[in-house]
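Here is the structure we will look at.
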Amino acid sequence: MKQCRILPVLLALSLLAGCVGAGMLAPVQGSMKPLPTPQGSLPPVTVPDCLSQDVLTGYDSFSTELLKHSRREGKNVLVSPLSVTLALGMTANGAAEETLREFEALFGLDRDNLNSLCARFMADYAALGGSTEATLVNSLWADPDLTLANGFVLRCQDTYGAQLFQQDLQDPATVKAVNQWVNEATRGLIPSVVDEFDHQAVLALINAIYLKNKFAHPFETPYSEWEMDFTAEDGTVTHPKGMSNGTRNEEYISGKNEQGVLLPYDDERLGLLLLLPQEGISLTDYLDGWDKATIPTLLSTRQETRVSLTCPKFKTEWSASLNDSLQAMGLSQAFDPQQADFSAMGNAGGDPLYIGDVIHKTAFELNEKGTEAAAVTAVIMECTSAMPPQNLIYLRFDRPFVYGIVDMETGAPLFLGTMERCE
């Protein structure tokens, strides 16, 4: 019997910059067809009309801690809490006993509420208005050596709408089909997710999210490109291309330690958040003061104000293992071969399963029309065997700042990043 590794992969891609279409399940070319739903049934996951404050608080806390634990001082970072939550949410459906309780503690939610949160997010962000196009799809790719538990498969299908494929993961044709599924689901922005599967791999869980938006009020396109100065905390000065809104009304944010702006997209649900710490406050000290209430509180205080906004246009990419971050956040037993319990996921010949690695990759671009963002999360599982102010506000993002894509209705962040060095 082969040694095994289960590879749940979550690929979340957001593309926000133009026109739109309808979301659809990514097809797979060739002979690989999804298997039918297994026999049996589970109690349906409750998809609430709106998310409770307790559920949102759990997600906001996780999002904030993920950014803080993933950041390295002086380095750009970009994480997608939505991507990682969906990846770990699917994985949690295979966890049991103390391992399951670690997942629940990580999010401050029991598994039922975690599934409900994921189902609500998927429903909401697949039905955005305006010019937004959204696609949220999932798939399971199972090696014939792995016997998946029916309950686990049913939950992934019922809650996440996952297609099930059964193929030899070490077969190059399977790798090609997986990458083709990813490529088509993300409209070619991410052409592949794996070069090959390790000989221990027996399962890949893949989620793909595609969002394409534009600002409700785009920046004016200049007659010619121009550069601005950007000063890092170590004094290094770079000259990225800049953009400006001239002077107009914006949703201005003013807190104790920051100024910022929220730029809504034309779907009237999501927006780009830009936050600039006050002069003299380092980004490290600024983020140290963040907690689960920071983003919702800042969003609640925004006021329409005359703002002269200047910020850089930029492209950024980031990748890292989240193992240390997640273990520091409390998900430790799931990484321990002697203690992890993923018995609810399936049977790999009696060998216990544990998380070997959580890999996260992201990309982001900001220009006058909107934003383009992508995220990939791979959970690799192994087995052992008030009135607006009248004065004009000048906001110039020419030094390190925080940015993200946020849900203006709930305050939930979909992406969070720091721009510390801008080329």
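We label chains A, B, ... in the order they appear in the structure tokens, count residues from 1 in each chain, and number ligands from 1 in the order shown.
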
DSSP on the backbone, then: every residue of region 150-302 of chain A marked helix (DSSP H, G or I), written as a CSV table (one decimal) with C-alpha atoms, in the first residue's frame.
chain,number,residue,atom,x,y,z
A,150,ASN,CA,-19.5,9.5,2.8
A,151,GLY,CA,-20.4,12.1,5.4
A,152,PHE,CA,-17.2,14.1,4.6
A,153,VAL,CA,-18.0,14.0,0.8
A,154,LEU,CA,-21.6,14.9,1.3
A,155,ARG,CA,-20.8,17.9,3.5
A,156,CYS,CA,-18.2,19.2,0.9
A,157,GLN,CA,-20.8,18.7,-1.8
A,158,ASP,CA,-23.8,20.0,0.0
A,159,THR,CA,-22.1,23.0,1.6
A,160,TYR,CA,-19.4,23.8,-0.9
A,172,PRO,CA,0.5,13.3,-15.4
A,173,ALA,CA,-3.0,13.3,-17.0
A,174,THR,CA,-4.6,14.0,-13.6
A,175,VAL,CA,-2.1,16.8,-12.9
A,176,LYS,CA,-3.0,18.3,-16.3
A,177,ALA,CA,-6.7,18.0,-15.6
A,178,VAL,CA,-6.4,19.7,-12.2
A,179,ASN,CA,-4.4,22.5,-13.6
A,180,GLN,CA,-6.8,22.9,-16.5
A,181,TRP,CA,-9.7,23.1,-14.0
A,182,VAL,CA,-7.9,25.8,-12.1
A,183,ASN,CA,-7.0,27.7,-15.3
A,184,GLU,CA,-10.6,27.7,-16.5
A,185,ALA,CA,-12.1,28.6,-13.1
A,283,LEU,CA,3.5,49.9,10.8
A,284,THR,CA,4.5,47.3,13.4
A,285,ASP,CA,3.3,49.5,16.3
A,286,TYR,CA,0.2,50.3,14.4
A,287,LEU,CA,-0.8,46.7,13.7
A,288,ASP,CA,0.0,45.7,17.2
A,294,THR,CA,-10.6,47.3,14.4
A,295,ILE,CA,-11.9,47.1,10.8
A,296,PRO,CA,-15.6,47.1,11.6
A,297,THR,CA,-15.1,50.1,13.9
A,298,LEU,CA,-13.1,52.0,11.3
A,299,LEU,CA,-15.8,51.3,8.6
A,300,SER,CA,-18.5,52.5,10.9

Please provide as a PyMOL selection string all residues within 12 Å of Gly370 (chain A), with the sequence filter that same-chain residues fewer than 5 positions apart are discarded (counting only C-alpha atoms).
chain A and resi 14-19+131-132+211-221+243+263-266+270-272+313-314+364-365+405

Skip Met345 (chain A) itself and residues of its chain fewer than 6 positions away, then list as a ChimeraX atom specification all residues within 12 Å of it, counting only C-alpha atoms.
/A:6-8,90-96,100,142,146-156,202-203,205,352-354,381

Just want the 9 Å neighbourhood of Gly89 (chain A), counted on only C-alpha atoms, with same-chain residues fewer than 6 positions away dropped. Output as a PyMOL selection string.
chain A and resi 103+111+114-115+118

Neighbouring residues of region 326-329 of chain A were defined as those with any atom within 9 Å, considering only C-alpha atoms; residues of the same chain fewer than 2 positions away were excluded. Please report them as a ChimeraX atom specification.
/A:62,65-66,69,106,322-324,331-335,358

Just write the chosen residues, C-alpha atoms, as a JSON list (two decimals), in the first residue's frame.
[["chain", "number", "residue", "atom", "x", "y", "z"],
["A", 62, "PHE", "CA", -9.07, 35.26, 12.62],
["A", 65, "GLU", "CA", -4.43, 37.55, 13.60],
["A", 66, "LEU", "CA", -3.63, 35.98, 10.22],
["A", 69, "HIS", "CA", 1.24, 36.53, 12.28],
["A", 106, "LEU", "CA", -9.13, 29.03, 15.76],
["A", 322, "LEU", "CA", 1.31, 29.50, 7.15],
["A", 323, "ASN", "CA", 2.40, 26.65, 9.44],
["A", 324, "ASP", "CA", 4.10, 28.85, 12.03],
["A", 331, "LEU", "CA", -3.95, 25.22, 15.52],
["A", 332, "SER", "CA", -1.13, 23.01, 16.84],
["A", 333, "GLN", "CA", -2.48, 19.49, 17.34],
["A", 334, "ALA", "CA", -3.58, 19.28, 13.69],
["A", 335, "PHE", "CA", 0.12, 19.45, 12.67],
["A", 358, "VAL", "CA", -0.41, 25.18, 4.60]]

Which residues, written as a ChimeraX atom specification, have at least one atom at most 9 Å from region 223-230 of chain A, with only C-alpha atoms counted and residues fewer than 2 positions away on the same chain left out?
/A:221,232,236-243,310-312,397-400,421-423

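The space between CA of Asp168 (chain A) and CA of Asp143 (chain A) spans 4.9 Å.
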